[in-house]
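Visitor: Input structure: input_17.txt, which contains compact mmCIF, C-alpha atoms.
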```
# COMPACT_ATOMS: atom_id res chain seq x y z
CA MET M 14 97.99 116.65 119.51
CA SER M 15 95.96 114.01 117.63
CA LEU M 16 95.41 115.55 114.17
CA LEU M 17 98.68 116.40 112.45
CA ASN M 18 97.87 117.20 108.84
CA ALA M 19 94.69 117.75 106.84
CA LEU M 20 93.92 118.65 103.25
CA VAL M 21 91.30 118.91 100.54
CA ALA M 22 92.21 117.63 97.10
CA ARG M 23 90.65 117.20 93.68
CA GLY M 24 91.89 113.74 92.82
CA PRO M 25 95.66 113.79 93.44
CA LEU M 26 95.78 117.62 93.21
CA ILE M 27 95.92 119.29 96.62
CA LEU M 28 93.78 122.44 96.74
CA ALA M 29 94.37 123.44 100.37
CA GLU M 30 96.35 121.94 103.23
CA HIS M 31 97.37 122.64 106.79
CA GLN M 32 100.04 120.90 108.84
CA ALA M 33 100.49 121.22 112.56
CA PRO M 34 103.62 123.26 113.32
CA GLY M 35 106.76 121.48 114.43
CA GLY M 36 105.85 118.14 112.88
CA ARG M 37 107.54 116.04 110.21
CA ASP M 38 106.92 116.76 106.56
CA PHE M 39 104.59 114.09 105.19
CA THR M 40 103.97 115.75 101.82
CA HIS M 41 105.44 112.90 99.80
CA ALA M 42 103.49 110.29 101.79
CA THR M 43 100.18 112.10 101.31
CA GLN M 44 100.87 112.56 97.60
CA LYS M 45 101.50 108.83 97.24
CA ILE M 46 98.28 107.99 99.05
CA LEU M 47 96.27 110.50 97.00
CA SER M 48 97.57 108.94 93.80
CA LYS M 49 96.21 105.56 94.91
CA ILE M 50 92.71 106.66 95.96
CA PRO M 51 90.10 105.41 93.44
CA PRO M 52 87.82 108.00 91.79
CA ASP M 53 84.62 106.48 93.18
CA ASN M 54 83.12 107.48 96.52
CA SER M 55 84.85 105.71 99.40
CA LYS M 56 85.99 105.96 103.01
CA LEU M 57 89.23 104.31 104.02
CA THR M 58 92.09 104.31 106.51
CA TYR M 59 95.74 103.63 105.67
CA ALA M 60 98.16 102.77 108.47
CA TRP M 61 101.83 103.69 108.52
CA GLU M 62 104.05 103.39 111.62
CA GLN M 63 102.08 104.99 114.48
CA TYR M 64 100.11 107.20 112.10
CA LEU M 65 96.75 106.70 110.37
CA PHE M 66 95.73 108.41 107.12
CA HIS M 67 91.93 108.69 107.02
CA TYR M 68 90.08 109.97 103.99
CA ILE M 69 86.63 110.49 102.53
CA SER M 70 86.36 110.58 98.74
CA GLU M 71 83.11 111.98 97.40
CA GLY M 72 82.02 113.98 94.37
CA GLY M 73 85.52 114.10 92.90
CA PHE M 74 87.06 115.62 96.03
CA VAL M 75 89.19 113.95 98.69
CA TYR M 76 89.18 115.03 102.33
CA LEU M 77 92.19 113.56 104.11
CA VAL M 78 93.55 113.84 107.64
CA MET M 79 96.65 112.32 109.18
CA ALA M 80 96.36 111.45 112.86
CA ASN M 81 98.17 109.61 115.60
CA ASP M 82 97.13 106.01 116.06
CA SER M 83 95.97 106.90 119.58
CA ALA M 84 93.22 109.11 118.11
CA GLY M 85 91.34 106.07 116.87
CA ARG M 86 89.01 106.47 113.88
CA LYS M 87 85.80 108.00 115.22
CA MET M 88 87.18 111.47 115.94
CA PRO M 89 89.24 111.83 112.71
CA PHE M 90 86.29 110.78 110.53
CA THR M 91 84.05 113.16 112.46
CA PHE M 92 86.58 115.88 111.64
CA LEU M 93 86.52 114.88 107.95
CA VAL M 94 82.73 115.05 107.81
CA GLU M 95 82.84 118.57 109.25
CA LEU M 96 85.68 119.52 106.89
CA GLN M 97 83.64 118.27 103.95
CA ARG M 98 80.62 120.27 105.10
CA LYS M 99 82.61 123.48 105.38
CA PHE M 100 84.18 122.93 101.97
CA THR M 101 80.87 122.27 100.23
CA GLU M 102 79.52 125.50 101.74
CA LEU M 103 82.03 127.48 99.68
CA PRO M 104 80.35 129.45 96.85
CA SER M 105 82.55 127.77 94.23
CA SER M 106 83.04 124.28 95.65
CA SER M 107 81.59 122.34 92.69
CA SER M 108 83.81 120.18 90.52
CA ALA M 109 83.02 122.30 87.49
CA ALA M 110 83.90 125.54 89.23
CA LEU M 111 87.19 124.15 90.54
CA SER M 112 88.13 122.14 87.46
CA SER M 113 90.82 124.64 86.46
CA THR M 114 92.00 125.54 89.95
CA PRO M 115 95.77 124.88 90.20
CA ALA M 116 97.52 123.04 93.02
CA TYR M 117 97.09 124.89 96.33
CA GLY M 118 94.76 127.30 94.55
CA LEU M 119 92.59 127.52 97.69
CA GLN M 120 95.48 127.62 100.14
CA GLY M 121 94.98 131.27 101.01
CA THR M 122 91.23 131.03 101.55
CA PHE M 123 90.57 127.53 102.87
CA SER M 124 93.80 126.61 104.68
CA PRO M 125 92.87 128.89 107.64
CA VAL M 126 89.54 127.05 107.84
CA ILE M 127 91.37 123.71 108.04
CA ALA M 128 93.74 125.12 110.66
CA SER M 129 90.88 126.40 112.80
CA LEU M 130 89.00 123.12 112.55
CA MET M 131 92.11 121.11 113.42
CA HIS M 132 92.70 123.29 116.47
CA THR M 133 89.11 122.77 117.61
CA TYR M 134 89.26 119.01 117.27
CA ASN M 135 92.71 118.81 118.85
CA THR M 136 91.54 120.69 121.93
CA SER M 137 87.83 120.00 122.45
CA PRO M 138 85.87 118.34 119.61
CA PRO M 139 82.21 119.43 119.55
CA ILE M 140 80.00 116.74 121.04
CA ASP M 141 77.05 117.44 118.75
CA GLU M 142 79.26 117.16 115.67
CA VAL M 143 80.62 113.86 116.91
CA ALA M 144 77.12 112.49 117.35
CA ARG M 145 75.96 113.73 113.95
CA ALA M 146 78.99 112.34 112.15
CA GLN M 147 78.68 109.03 114.00
CA ALA M 148 75.19 108.58 112.53
CA GLU M 149 76.66 108.95 109.06
CA LEU M 150 79.57 106.64 109.82
CA ASN M 151 77.15 103.93 110.98
CA GLN M 152 76.20 103.52 107.33
CA VAL M 153 79.72 102.32 106.63
CA LYS M 154 79.91 98.69 107.75
CA ASP M 155 83.60 98.24 107.34
CA ILE M 156 86.43 100.77 107.13
CA MET M 157 89.38 98.83 105.83
CA VAL M 158 92.85 99.34 107.18
CA GLN M 159 95.75 98.66 104.88
CA ASN M 160 99.44 99.11 105.23
CA VAL M 161 100.82 101.82 102.97
CA GLU M 162 103.26 99.37 101.45
CA GLN M 163 100.39 97.20 100.22
CA ILE M 164 98.99 99.95 98.00
CA LEU M 165 102.27 100.71 96.29
CA ASN M 166 103.08 99.03 92.99
CA ARG M 167 106.14 96.83 92.82
CA GLY M 168 109.29 98.96 92.67
CA GLU M 169 107.62 102.04 94.18
CA ARG M 170 108.52 103.35 97.60
CA ILE M 171 107.94 106.27 99.92
CA GLU M 172 111.20 108.15 100.22
CA LEU M 173 110.40 109.04 103.80
CA LEU M 174 111.08 105.40 104.65
CA VAL M 175 114.54 105.29 103.08
CA ASP M 176 116.35 105.95 106.34
CA LYS M 177 114.34 103.28 108.11
CA THR M 178 114.91 100.84 105.24
CA ASP M 179 118.66 101.48 105.33
CA THR M 180 118.67 100.84 109.06
CA MET M 181 116.76 97.60 108.59
CA ALA M 182 119.18 96.55 105.84
CA THR M 183 122.13 97.21 108.14
CA GLN M 184 120.48 95.23 110.89
CA ALA M 185 119.75 92.40 108.46
CA THR M 186 123.40 92.34 107.36
CA ALA M 187 124.57 92.21 110.97
CA PHE M 188 122.06 89.44 111.64
CA ARG M 189 123.35 87.38 108.71
CA ARG M 190 126.93 87.83 109.88
CA GLY M 191 125.95 86.79 113.37
CA ALA M 192 124.09 83.79 111.98
CA ARG M 193 127.16 82.66 110.03
CA THR M 194 129.29 82.99 113.17
CA VAL M 195 126.80 80.94 115.15
CA ARG M 196 126.71 78.29 112.42
CA ARG M 197 130.51 78.03 112.46
CA GLN M 198 130.54 77.76 116.24
CA MET M 199 127.84 75.08 116.15
CA TRP M 200 129.74 73.17 113.44
CA TRP M 201 132.95 73.19 115.48
CA ARG M 202 131.04 72.18 118.59
CA ASN M 203 129.32 69.32 116.77
CA SER M 204 132.65 68.24 115.28
CA LYS M 205 134.27 68.19 118.71
CA VAL M 206 131.36 66.22 120.15
CA LEU M 207 131.53 63.75 117.26
CA GLY M 208 135.30 63.37 117.61
CA LEU M 209 135.04 62.89 121.36
CA SER M 210 132.29 60.29 120.87
CA VAL M 211 134.42 58.34 118.40
CA LEU M 212 137.39 58.48 120.79
CA VAL M 213 135.29 57.25 123.71
CA ALA M 214 133.90 54.43 121.56
CA LEU M 215 137.40 53.33 120.56
CA VAL M 216 138.57 53.36 124.19
CA LEU M 217 135.56 51.31 125.27
CA LEU M 218 136.16 48.86 122.43
CA TYR M 219 139.84 48.52 123.44
CA ILE M 220 138.89 47.87 127.05
CA ILE M 221 136.40 45.17 126.05
CA VAL M 222 138.81 43.45 123.67
CA ALA M 223 141.69 43.72 126.19
CA GLN M 224 139.69 41.77 128.76
CA PHE M 225 139.72 38.75 126.45
CA CYS M 226 142.97 39.14 124.57
CA GLY M 227 145.21 40.98 127.02
CA ALA M 228 146.63 44.42 126.85
CA ALA M 229 148.71 43.50 123.78
CA LEU M 230 145.58 42.30 122.00
CA GLN M 231 147.20 38.92 121.18
CA CYS M 232 144.06 36.87 121.09
CA GLY M 233 145.64 33.90 119.27
CA ALA M 234 148.60 33.42 121.68
```
How does this structure look as structure tokens?

Guide:
Amino acid sequence: MSLLNALVARGPLILAEHQAPGGRDFTHATQKILSKIPPDNSKLTYAWEQYLFHYISEGGFVYLVMANDSAGRKMPFTFLVELQRKFTELPSSSSAALSSTPAYGLQGTFSPVIASLMHTYNTSPPIDEVARAQAELNQVKDIMVQNVEQILNRGERIELLVDKTDTMATQATAFRRGARTVRRQMWWRNSKVLGLSVLVALVLLYIIVAQFCGAALQCGA
């Protein structure tokens, strides 16, 4: 399954959403991304772990889909173009008509449309739709890819990453402890080498002096 979650939002306000059954809950992640999308028209991809969050922002509405990295970008953006077309065909899809619609106000009517479209594109995406959407995507010269962490302000975080961050912190602590142990071992090894070198030098010096002065080192006798 390539497409895992899709939604239509007005700014940061989600109007309708569908998530593939059995998957992780990425609600907080999508909310964070929606809050960072600029109000002007744009197309962008955000990368996080093995997942890609693709979106099209146009006319005050955001069409977003979360997909596996293996899906690439062509198919998800083709899906978004089709999702946008179906949404704009709704009788009351204008910004003015939906200005007072609450969060998930279209969940009952448009979520099944998202679910059906996701199923189609996860099983056998229509070839003609792919070709049509590709012509539109050719107008976009560069779809930037950014890491989710780069769009967050300092001090902000996605709570879904807490477990991973804790694990990384534990690993970092273990690494520092291991590094200190290695440094101690290297210090003792260097000290032993230095001590042995000094001892060998003294023995060599004694041997050289003994050849001229005797074993008792009585050079003046």

Visitor: Neighbours of segment 133-136 of chain M within 12 Å (all atoms listed in the file; same-chain residues fewer than 6 positions away dropped), as a ChimeraX atom specification?

Guide: /M:14-19,33,78,80-81,84,87-93,95-96,126-127,142-143

Visitor: Name the residues in contact with Tyr64 of chain M at a cut-off of 9 Å, using only C-alpha atoms, excluding same-chain residues fewer than 4 positions from it; report them as a PyMOL selection string.

Guide: chain M and resi 59-60+79-83

Visitor: Would you export the selected residues with C-alpha atoms as a PDB file, in the coordinates of the input, please?

Guide:
```
ATOM      1  CA  TYR M  59      95.740 103.630 105.670  1.00  0.00           C
ATOM      2  CA  ALA M  60      98.160 102.770 108.470  1.00  0.00           C
ATOM      3  CA  MET M  79      96.650 112.320 109.180  1.00  0.00           C
ATOM      4  CA  ALA M  80      96.360 111.450 112.860  1.00  0.00           C
ATOM      5  CA  ASN M  81      98.170 109.610 115.600  1.00  0.00           C
ATOM      6  CA  ASP M  82      97.130 106.010 116.060  1.00  0.00           C
ATOM      7  CA  SER M  83      95.970 106.900 119.580  1.00  0.00           C
TER       8      SER M  83
END
```

Visitor: Of the candidates M:His31, M:Lys45, M:Arg23, M:Lys205, which one gets nearest to Phe123 of chain M if we count all atoms listed in the file?

Guide: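 Of M:His31, M:Lys45, M:Arg23, M:Lys205, the one nearest Phe123 of chain M, counting all atoms listed in the file, is M:His31.
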
Visitor: So, with all atoms listed in the file as the atoms that count, which of M:Trp61, M:Ser70, M:Gly35, M:Cys226 lies closest to Lys49 of chain M?

Guide: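 Closest to Lys49 of chain M of all the choices is M:Ser70.
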
Visitor: Do you have the atom CA of Phe39 of chain M-atom CA of Leu77 of chain M distance handy?

Guide: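 Result for atom CA of Phe39 of chain M versus atom CA of Leu77 of chain M: 12.5 Å, one decimal.
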
Visitor: Using only C-alpha atoms, pick whichever of M:Val211, M:Leu26, M:Gln32, M:Val195 has the shortest atom-to-atom distance to Ser48 of chain M.

Guide: M:Leu26

Visitor: As a list in words, please: the residues near Pro115 of chain M (cut-off 8 Å, all atoms listed in the file, same-chain neighbours under 2 positions excluded).

Guide: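 Once the nearby chain positions are removed, what remains is Leu26, Leu28, Ser113, Tyr117 and Gly118 of chain M.
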